[in-house]
Amino acid sequence: MINDAVGNKAGVELVAKRKWDTKNRLLASVDRARKLIGYEPSTRFEDGIAHTIWWFREHWDRIRQHASFGPGISSAVRSVVQKQVKEMLPPAPKKISA
């Protein structure tokens, strides 16, 4: 379904289970939310996938801009590292008017 929605013709390759794959099947379900809080989905799954794909395509430039960082810097610590680097740098020299 996802490959069709994004136009990926590569398909899906099924491979053998890896030793850390401990569950036979993973299935999403709203049954518990329905039971506990009366949740009922208001968006069809297919429509949600289409909207998600549209959103990513629409915002891809900003996603790439904010997700890119140098080698060795995890996205989890990126802002902390950037702040530390900024604090270590001397102030930029002022421009002298001619």
# chains A, B, ... in the order shown; residues from 1 in each chain; ligands from 1
call {"tool": "closest_atom_pairs", "arguments": {"of": "segment 36-66 of chain A", "to": "segment 5-23 of chain A", "cutoff": "12 Å", "atoms": "only C-alpha atoms", "output": "Markdown table"}}
result
| residue | atom | partner | partner_atom | distance |
| --- | --- | --- | --- | --- |
| A:Glu46 | CA | A:Ala5 | CA | 9.1 |
| A:Asp47 | CA | A:Ala5 | CA | 10.5 |
| A:Gly48 | CA | A:Ala5 | CA | 11.3 |
| A:Ile49 | CA | A:Ala5 | CA | 7.9 |
| A:Ala50 | CA | A:Ala5 | CA | 6.9 |
| A:His51 | CA | A:Ala5 | CA | 10.4 |
| A:Thr52 | CA | A:Ala5 | CA | 10.5 |
| A:Ile53 | CA | A:Val6 | CA | 7.3 |
| A:Trp54 | CA | A:Val6 | CA | 9.5 |
| A:Phe56 | CA | A:Val6 | CA | 11.0 |
| A:Arg57 | CA | A:Val6 | CA | 10.1 |
call {"tool": "atom_distance", "arguments": {"atom1": "atom CA of Arg44 of chain A", "atom2": "atom CA of Ser29 of chain A"}}
result
13.6 Å
call {"tool": "atom_distance", "arguments": {"atom1": "atom CA of Ala67 of chain A", "atom2": "atom CA of Asp4 of chain A"}}
result
26.2 Å
call {"tool": "atom_distance", "arguments": {"atom1": "atom CA of Trp60 of chain A", "atom2": "atom CA of Ile2 of chain A"}}
result
17.6 Å
